[in-house]
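**Q** To be precise about what I am sending: the file is called query_15.txt and holds compact mmCIF, C-alpha atoms.
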```txt
# COMPACT_ATOMS: atom_id res chain seq x y z
CA MET U 158 39.03 -5.85 0.98
CA THR U 159 35.44 -6.03 -0.32
CA ILE U 160 33.00 -3.45 -1.57
CA LEU U 161 31.48 -3.33 1.92
CA ASP U 162 34.69 -1.82 3.28
CA GLU U 163 34.03 1.27 1.17
CA TYR U 164 30.74 1.97 2.94
CA GLU U 165 29.54 2.90 6.42
CA ILE U 166 26.23 1.18 7.20
CA ILE U 167 23.74 3.68 8.67
CA GLU U 168 20.61 1.59 9.14
CA GLN U 169 18.51 -1.21 7.70
CA ILE U 170 15.73 0.21 5.53
CA SER U 171 13.71 -2.85 4.62
CA GLU U 172 13.63 -6.60 4.27
CA GLY U 173 12.01 -8.52 1.43
CA GLY U 174 11.61 -12.10 0.35
CA PHE U 175 15.30 -12.82 -0.02
CA GLY U 176 17.17 -9.54 0.56
CA ARG U 177 17.82 -6.86 3.16
CA ILE U 178 18.39 -3.26 2.09
CA PHE U 179 20.63 -0.94 4.08
CA LYS U 180 21.12 2.81 3.94
CA ALA U 181 24.85 3.45 3.72
CA ARG U 182 27.36 6.21 3.09
CA HIS U 183 30.37 5.93 0.81
CA LYS U 184 33.34 6.74 3.07
CA ALA U 185 35.45 8.54 0.47
CA LEU U 186 32.72 10.28 -1.52
CA GLU U 187 30.40 10.98 1.45
CA GLU U 188 27.41 10.10 -0.75
CA LEU U 189 24.43 7.97 0.29
CA ALA U 190 23.73 4.57 -1.24
CA CYS U 191 21.50 1.53 -0.81
CA LEU U 192 23.13 -1.85 -0.24
CA LYS U 193 21.09 -4.98 -0.90
CA GLN U 194 22.39 -8.27 0.49
CA ASN U 195 20.79 -11.70 0.34
CA ILE U 196 19.38 -12.82 3.71
CA THR U 197 19.97 -16.54 3.44
CA PRO U 198 23.40 -17.75 2.29
CA SER U 199 22.56 -19.49 -0.97
CA THR U 200 24.03 -19.85 -4.45
CA GLU U 201 20.49 -19.47 -5.83
CA HIS U 202 19.96 -16.16 -4.03
CA VAL U 203 23.37 -14.91 -5.13
CA GLU U 204 22.33 -15.62 -8.71
CA LEU U 205 19.02 -13.78 -8.22
CA LEU U 206 20.92 -10.76 -6.90
CA ARG U 207 23.41 -10.96 -9.77
CA GLN U 208 20.57 -11.08 -12.28
CA GLU U 209 18.95 -8.06 -10.62
CA ALA U 210 22.24 -6.18 -10.88
CA LYS U 211 22.48 -7.05 -14.60
CA ILE U 212 18.90 -5.87 -15.19
CA LEU U 213 19.46 -2.55 -13.42
CA TRP U 214 22.70 -2.08 -15.33
CA LYS U 215 20.77 -2.44 -18.60
CA LEU U 216 18.04 -0.01 -17.47
CA ASP U 217 20.30 2.50 -15.74
CA GLU U 218 19.36 5.53 -17.85
CA TYR U 219 15.66 5.77 -16.94
CA HIS U 220 14.71 8.19 -14.15
CA SER U 221 12.04 5.96 -12.54
CA ILE U 222 14.31 2.90 -12.27
CA PRO U 223 17.04 2.52 -9.61
CA SER U 224 20.62 3.08 -10.66
CA ALA U 225 23.07 0.21 -10.05
CA LYS U 226 26.45 1.38 -8.74
CA GLY U 227 28.19 -1.94 -8.20
CA PHE U 228 27.97 -5.63 -7.44
CA CYS U 229 30.21 -7.78 -5.30
CA GLN U 230 30.09 -11.51 -4.62
CA LEU U 231 31.47 -11.82 -1.10
CA ASP U 232 31.80 -15.61 -1.29
CA GLY U 233 29.97 -18.53 -2.89
CA THR U 234 26.70 -17.87 -1.08
CA ASN U 235 26.62 -14.12 -0.30
CA ALA U 236 26.59 -11.02 -2.50
CA VAL U 237 25.86 -7.28 -2.34
CA LEU U 238 24.20 -5.01 -4.89
CA VAL U 239 24.98 -1.29 -4.56
CA MET U 240 22.38 1.21 -5.76
CA ARG U 241 21.92 4.96 -5.66
CA TYR U 242 20.05 6.02 -2.53
CA ILE U 243 16.34 6.72 -3.04
CA ASP U 244 14.84 9.43 -0.85
CA GLY U 245 11.24 8.32 -0.44
CA LYS U 246 8.83 5.76 0.97
CA THR U 247 6.91 2.93 -0.67
CA LEU U 248 3.39 3.57 -1.86
CA GLU U 249 2.31 0.70 0.38
CA SER U 250 3.66 2.39 3.52
CA ILE U 251 2.27 5.81 2.54
CA VAL U 252 -1.28 4.52 2.07
CA ALA U 253 -1.08 2.28 5.15
CA LYS U 254 -0.09 5.30 7.27
CA ASN U 255 -2.07 8.15 5.70
CA GLY U 256 -4.94 6.48 3.87
CA ARG U 257 -5.77 6.47 0.19
CA LEU U 258 -4.35 9.12 -2.10
CA HIS U 259 -6.03 11.98 -3.90
CA PRO U 260 -6.94 10.71 -7.39
CA GLU U 261 -4.58 13.20 -9.04
CA ASP U 262 -1.65 11.86 -7.02
CA ALA U 263 -2.68 8.27 -7.79
CA ALA U 264 -2.78 9.17 -11.49
CA TRP U 265 0.66 10.78 -11.77
CA ILE U 266 2.28 8.00 -9.76
CA THR U 267 0.73 5.42 -12.10
CA GLU U 268 1.84 7.39 -15.14
CA ARG U 269 5.46 7.44 -13.91
CA LEU U 270 5.19 3.70 -13.23
CA LEU U 271 3.91 3.03 -16.74
CA GLY U 272 6.83 5.03 -18.11
CA ALA U 273 9.29 2.78 -16.26
CA LEU U 274 7.49 -0.32 -17.55
CA TYR U 275 7.48 0.95 -21.13
CA TYR U 276 11.24 1.51 -20.97
CA ALA U 277 11.84 -1.93 -19.44
CA HIS U 278 9.61 -3.69 -21.96
CA ALA U 279 11.30 -1.89 -24.85
CA ASN U 280 14.54 -3.40 -23.57
CA GLY U 281 13.08 -6.91 -23.34
CA ILE U 282 12.64 -6.97 -19.57
CA ILE U 283 9.51 -7.95 -17.63
CA HIS U 284 9.50 -6.90 -13.96
CA SER U 285 6.99 -9.61 -12.92
CA ASP U 286 6.33 -8.26 -9.39
CA VAL U 287 4.75 -4.82 -9.78
CA LYS U 288 3.01 -3.94 -6.51
CA PRO U 289 2.66 -0.97 -4.09
CA GLY U 290 5.54 -2.25 -1.96
CA ASN U 291 7.85 -2.01 -4.96
CA VAL U 292 6.95 1.57 -5.87
CA ILE U 293 8.89 4.22 -3.96
CA VAL U 294 7.37 7.69 -4.19
CA GLU U 295 9.82 10.59 -4.36
CA PRO U 296 7.62 13.61 -3.52
CA ARG U 297 10.37 16.23 -3.93
CA LYS U 298 11.09 15.04 -7.46
CA ARG U 299 7.46 14.24 -8.32
CA ASP U 300 8.78 10.89 -9.42
CA ILE U 301 8.79 7.22 -8.42
CA LYS U 302 11.28 4.37 -8.46
CA LEU U 303 10.16 0.87 -9.41
CA ILE U 304 12.34 -1.33 -7.21
CA ASP U 305 13.07 -5.00 -6.55
CA TRP U 306 13.86 -6.45 -9.97
CA GLY U 307 14.91 -9.77 -8.48
CA LEU U 308 12.03 -11.68 -10.09
CA SER U 309 12.33 -9.99 -13.48
CA VAL U 310 13.03 -11.91 -16.67
CA TYR U 311 14.91 -10.92 -19.81
CA LYS U 312 13.33 -11.77 -23.15
CA PRO U 313 11.00 -14.52 -21.88
CA THR U 314 10.00 -17.32 -24.26
CA SER U 315 7.09 -19.74 -24.35
CA THR U 316 9.02 -22.04 -22.00
CA THR U 317 9.88 -19.35 -19.42
CA ARG U 318 8.25 -19.86 -16.05
CA PRO U 319 7.78 -17.23 -13.31
CA VAL U 320 10.64 -17.04 -10.82
CA GLY U 321 8.16 -16.14 -8.07
CA SER U 322 5.32 -13.75 -7.23
CA THR U 323 3.38 -11.98 -4.51
CA PRO U 324 0.05 -13.88 -4.46
CA ALA U 325 -2.25 -10.90 -3.80
CA TYR U 326 -0.69 -8.97 -6.71
CA ALA U 327 0.03 -11.77 -9.16
CA ALA U 328 -1.59 -11.59 -12.59
CA PRO U 329 -3.80 -14.56 -13.53
CA GLU U 330 -1.25 -15.86 -16.03
CA ILE U 331 1.45 -15.92 -13.33
CA ILE U 332 -0.83 -17.88 -11.00
CA ASP U 333 -1.31 -20.34 -13.87
CA ARG U 334 2.51 -20.62 -14.19
CA LYS U 335 2.51 -19.16 -17.68
CA PRO U 336 5.38 -17.01 -19.02
CA PRO U 337 5.56 -13.40 -17.78
CA ILE U 338 4.67 -10.97 -20.57
CA PRO U 339 4.40 -7.16 -20.77
CA GLU U 340 0.67 -7.41 -20.00
CA THR U 341 1.64 -9.05 -16.70
CA ASP U 342 3.27 -5.80 -15.60
CA ILE U 343 0.35 -3.80 -17.00
CA TYR U 344 -1.91 -5.79 -14.66
CA GLY U 345 0.40 -4.89 -11.79
CA ALA U 346 0.17 -1.20 -12.70
CA GLY U 347 -3.63 -1.48 -12.54
CA LEU U 348 -3.37 -2.90 -9.02
CA VAL U 349 -1.01 -0.10 -8.00
CA LEU U 350 -3.56 2.47 -9.20
CA LEU U 351 -6.33 0.58 -7.41
CA TYR U 352 -4.33 0.45 -4.17
CA ALA U 353 -3.52 4.17 -4.35
CA LEU U 354 -7.20 5.03 -4.81
CA GLY U 355 -8.77 2.55 -2.40
CA GLY U 356 -6.20 0.80 -0.24
CA GLU U 357 -5.82 -2.90 0.49
CA ASP U 358 -9.55 -3.64 0.67
CA ALA U 359 -10.04 -2.35 -2.86
CA VAL U 360 -7.25 -4.63 -4.09
CA MET U 361 -8.76 -7.65 -2.37
CA ASN U 362 -12.16 -6.90 -3.93
CA LYS U 363 -10.72 -5.76 -7.30
CA ARG U 364 -13.17 -2.86 -7.17
CA PHE U 365 -12.44 0.85 -7.64
CA PRO U 366 -14.02 3.20 -5.07
CA GLY U 367 -17.21 4.92 -6.19
CA ASP U 368 -15.80 8.41 -5.67
CA ALA U 369 -12.86 7.86 -8.04
CA PRO U 370 -13.16 9.81 -11.32
CA LYS U 371 -15.05 7.49 -13.65
CA PRO U 372 -12.61 7.69 -16.61
CA LEU U 373 -9.70 6.94 -14.26
CA ALA U 374 -11.51 3.97 -12.73
CA GLU U 375 -12.45 2.64 -16.17
CA PHE U 376 -8.84 3.01 -17.32
CA GLY U 377 -7.64 1.11 -14.25
CA GLN U 378 -10.24 -1.60 -14.74
CA SER U 379 -9.05 -2.13 -18.32
CA LEU U 380 -5.57 -2.91 -17.00
CA LEU U 381 -7.02 -5.61 -14.75
CA LEU U 382 -8.86 -7.71 -17.30
CA TYR U 383 -8.43 -11.42 -16.61
CA ASP U 384 -7.45 -12.26 -20.17
CA PRO U 385 -4.06 -10.62 -20.88
CA THR U 386 -4.86 -10.39 -24.60
CA GLN U 387 -7.74 -8.05 -23.73
CA ARG U 388 -5.62 -5.66 -21.66
CA PRO U 389 -4.09 -2.58 -23.26
CA ASN U 390 -0.59 -3.12 -24.59
CA TRP U 391 2.02 -0.86 -26.14
CA ASN U 392 1.19 -2.03 -29.66
CA LYS U 393 -2.56 -1.37 -29.35
CA ILE U 394 -2.71 2.08 -27.79
CA ASN U 395 -0.55 4.78 -26.26
CA ILE U 396 -1.29 3.74 -22.66
CA ILE U 397 0.66 6.59 -21.08
CA GLY U 398 -0.92 9.12 -23.44
CA ARG U 399 -4.37 7.80 -22.55
CA LEU U 400 -3.73 8.31 -18.84
CA SER U 401 -2.31 11.76 -19.54
CA ASP U 402 -5.52 12.67 -21.40
CA ILE U 403 -7.58 11.46 -18.44
CA ARG U 404 -5.48 13.58 -16.09
CA GLU U 405 -6.10 16.67 -18.21
CA ASP U 406 -9.86 16.02 -18.42
CA ALA U 407 -10.25 15.19 -14.72
CA PHE U 408 -7.83 17.64 -13.13
CA GLY U 409 -7.27 20.31 -15.76
CA ARG U 410 -3.59 19.55 -16.27
CA ARG U 411 -1.24 16.86 -17.46
CA HIS U 412 1.61 17.68 -15.11
CA VAL U 413 1.85 18.37 -11.39
CA ALA U 414 4.28 21.14 -10.48
```
Transcribe the structure of this file into structure tokens.

**A**
Amino acid sequence: MTILDEYEIIEQISEGGFGRIFKARHKALEELACLKQNITPSTEHVELLRQEAKILWKLDEYHSIPSAKGFCQLDGTNAVLVMRYIDGKTLESIVAKNGRLHPEDAAWITERLLGALYYAHANGIIHSDVKPGNVIVEPRKRDIKLIDWGLSVYKPTSTTRPVGSTPAYAAPEIIDRKPPIPETDIYGAGLVLLYALGGEDAVMNKRFPGDAPKPLAEFGQSLLLYDPTQRPNWNKINIIGRLSDIREDAFGRRHVA
């Protein structure tokens, strides 16, 4: 008997670079879950999935990060990661279907994302692949989940090299095969904000739309500076507090009910 025997598969939700995610129901508890299984039988992919499970286990307490519920190695080349079910859609799919977001929505989504990154970085973990397709928006909760931690690294050193990347969303230092650092994820957060405000064309051009609130656009642009030492970091400024101040100035409130 394996962990899969405990679940009824409902449907496939998505497919990424090396894993498929299924919506499932626990047979005894009648609760929903997400099951992630590697696509290609491979010891390397099993290890990536195991590392993702370890990362999520370490970060389990934060509300904008998925909760790991179990991990099972089915054999030498196949494994399954069990996570709490997330009721939402990716930012990428929302914008692709409905168009760019209202600036206030783009701002609170980015603020939640920055909160998840701050928590991860405080625990020594760099996500390394922050992009709209890895941000699930939960509208009922007014929250997000930063998913797909398969390329993340724990306490990188000067000799650490990126596990992989999504070219259109990779920070300059990742393209140069340099170690992932917190500012790498900060760059990704800037691209998420840019995508929410202007869609894919804005990301390709690295240009914020002219009708975006100027302070918000300037904040986003600061996250996208080519030199990572020039980007905001947690030791220089309160990045989340800065965005919260911009929200209050631009929209008259820091929180969305």

**Q** Output as a Markdown table one row per residue of segment 296-316 of chain U within 12 Å of segment 187-197 of chain U: the closest atom pair and its distance in Å to one decimal place, counting all atoms listed in the file, sorted by chain and residue number ascending.

**A**
```
| residue | atom | partner | partner_atom | distance |
| --- | --- | --- | --- | --- |
| U:Ile304 | CA | U:Lys193 | CA | 11.4 |
| U:Asp305 | CA | U:Lys193 | CA | 9.8 |
| U:Trp306 | CA | U:Lys193 | CA | 11.7 |
| U:Gly307 | CA | U:Asn195 | CA | 10.8 |
```

**Q** Need to verify the contact set: segment 310-326 of chain U, 10 Å, all atoms listed in the file, exclusion of same-chain residues closer than 5 positions in sequence. Can you return it as a compact mmCIF listing (two decimals) with C-alpha atoms, in the frame of the given file?

**A**
```txt
# COMPACT_ATOMS: atom_id res chain seq x y z
CA GLY U 174 11.61 -12.10 0.35
CA LEU U 205 19.02 -13.78 -8.22
CA GLN U 208 20.57 -11.08 -12.28
CA GLU U 209 18.95 -8.06 -10.62
CA LYS U 211 22.48 -7.05 -14.60
CA ILE U 212 18.90 -5.87 -15.19
CA ALA U 277 11.84 -1.93 -19.44
CA HIS U 278 9.61 -3.69 -21.96
CA ASN U 280 14.54 -3.40 -23.57
CA GLY U 281 13.08 -6.91 -23.34
CA ILE U 282 12.64 -6.97 -19.57
CA ILE U 283 9.51 -7.95 -17.63
CA HIS U 284 9.50 -6.90 -13.96
CA SER U 285 6.99 -9.61 -12.92
CA ASP U 286 6.33 -8.26 -9.39
CA VAL U 287 4.75 -4.82 -9.78
CA LYS U 288 3.01 -3.94 -6.51
CA PRO U 289 2.66 -0.97 -4.09
CA ILE U 331 1.45 -15.92 -13.33
CA ILE U 332 -0.83 -17.88 -11.00
CA ASP U 333 -1.31 -20.34 -13.87
CA ARG U 334 2.51 -20.62 -14.19
CA LYS U 335 2.51 -19.16 -17.68
CA PRO U 336 5.38 -17.01 -19.02
CA PRO U 337 5.56 -13.40 -17.78
CA ILE U 338 4.67 -10.97 -20.57
CA PRO U 339 4.40 -7.16 -20.77
CA TYR U 344 -1.91 -5.79 -14.66
CA GLY U 345 0.40 -4.89 -11.79
CA ALA U 346 0.17 -1.20 -12.70
CA GLY U 347 -3.63 -1.48 -12.54
CA LEU U 348 -3.37 -2.90 -9.02
CA VAL U 349 -1.01 -0.10 -8.00
CA GLU U 357 -5.82 -2.90 0.49
CA VAL U 360 -7.25 -4.63 -4.09
CA MET U 361 -8.76 -7.65 -2.37
```

**Q** Around the point (-1.7, 3.5, -3.1), in the coordinates given by the file, pick out the residues reaching within 8 Å, counting only C-alpha atoms, and return them as a ChimeraX atom specification.

**A** /U:248-249,251-252,257-258,263,289,349-356

**Q** Which residue out of U:Arg364, U:Arg241, U:Arg399, U:His183 has the minimum interatomic distance to Leu271 of chain U when only C-alpha atoms are used?

**A**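 Of U:Arg364, U:Arg241, U:Arg399, U:His183, the one nearest Leu271 of chain U is U:Arg399, counting only C-alpha atoms.
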
**Q** Using Å and a single decimal, report how far atom CA of Lys302 of chain U sits from atom CA of Glu340 of chain U.

**A**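 Distance between the two atoms: 19.6 Å.
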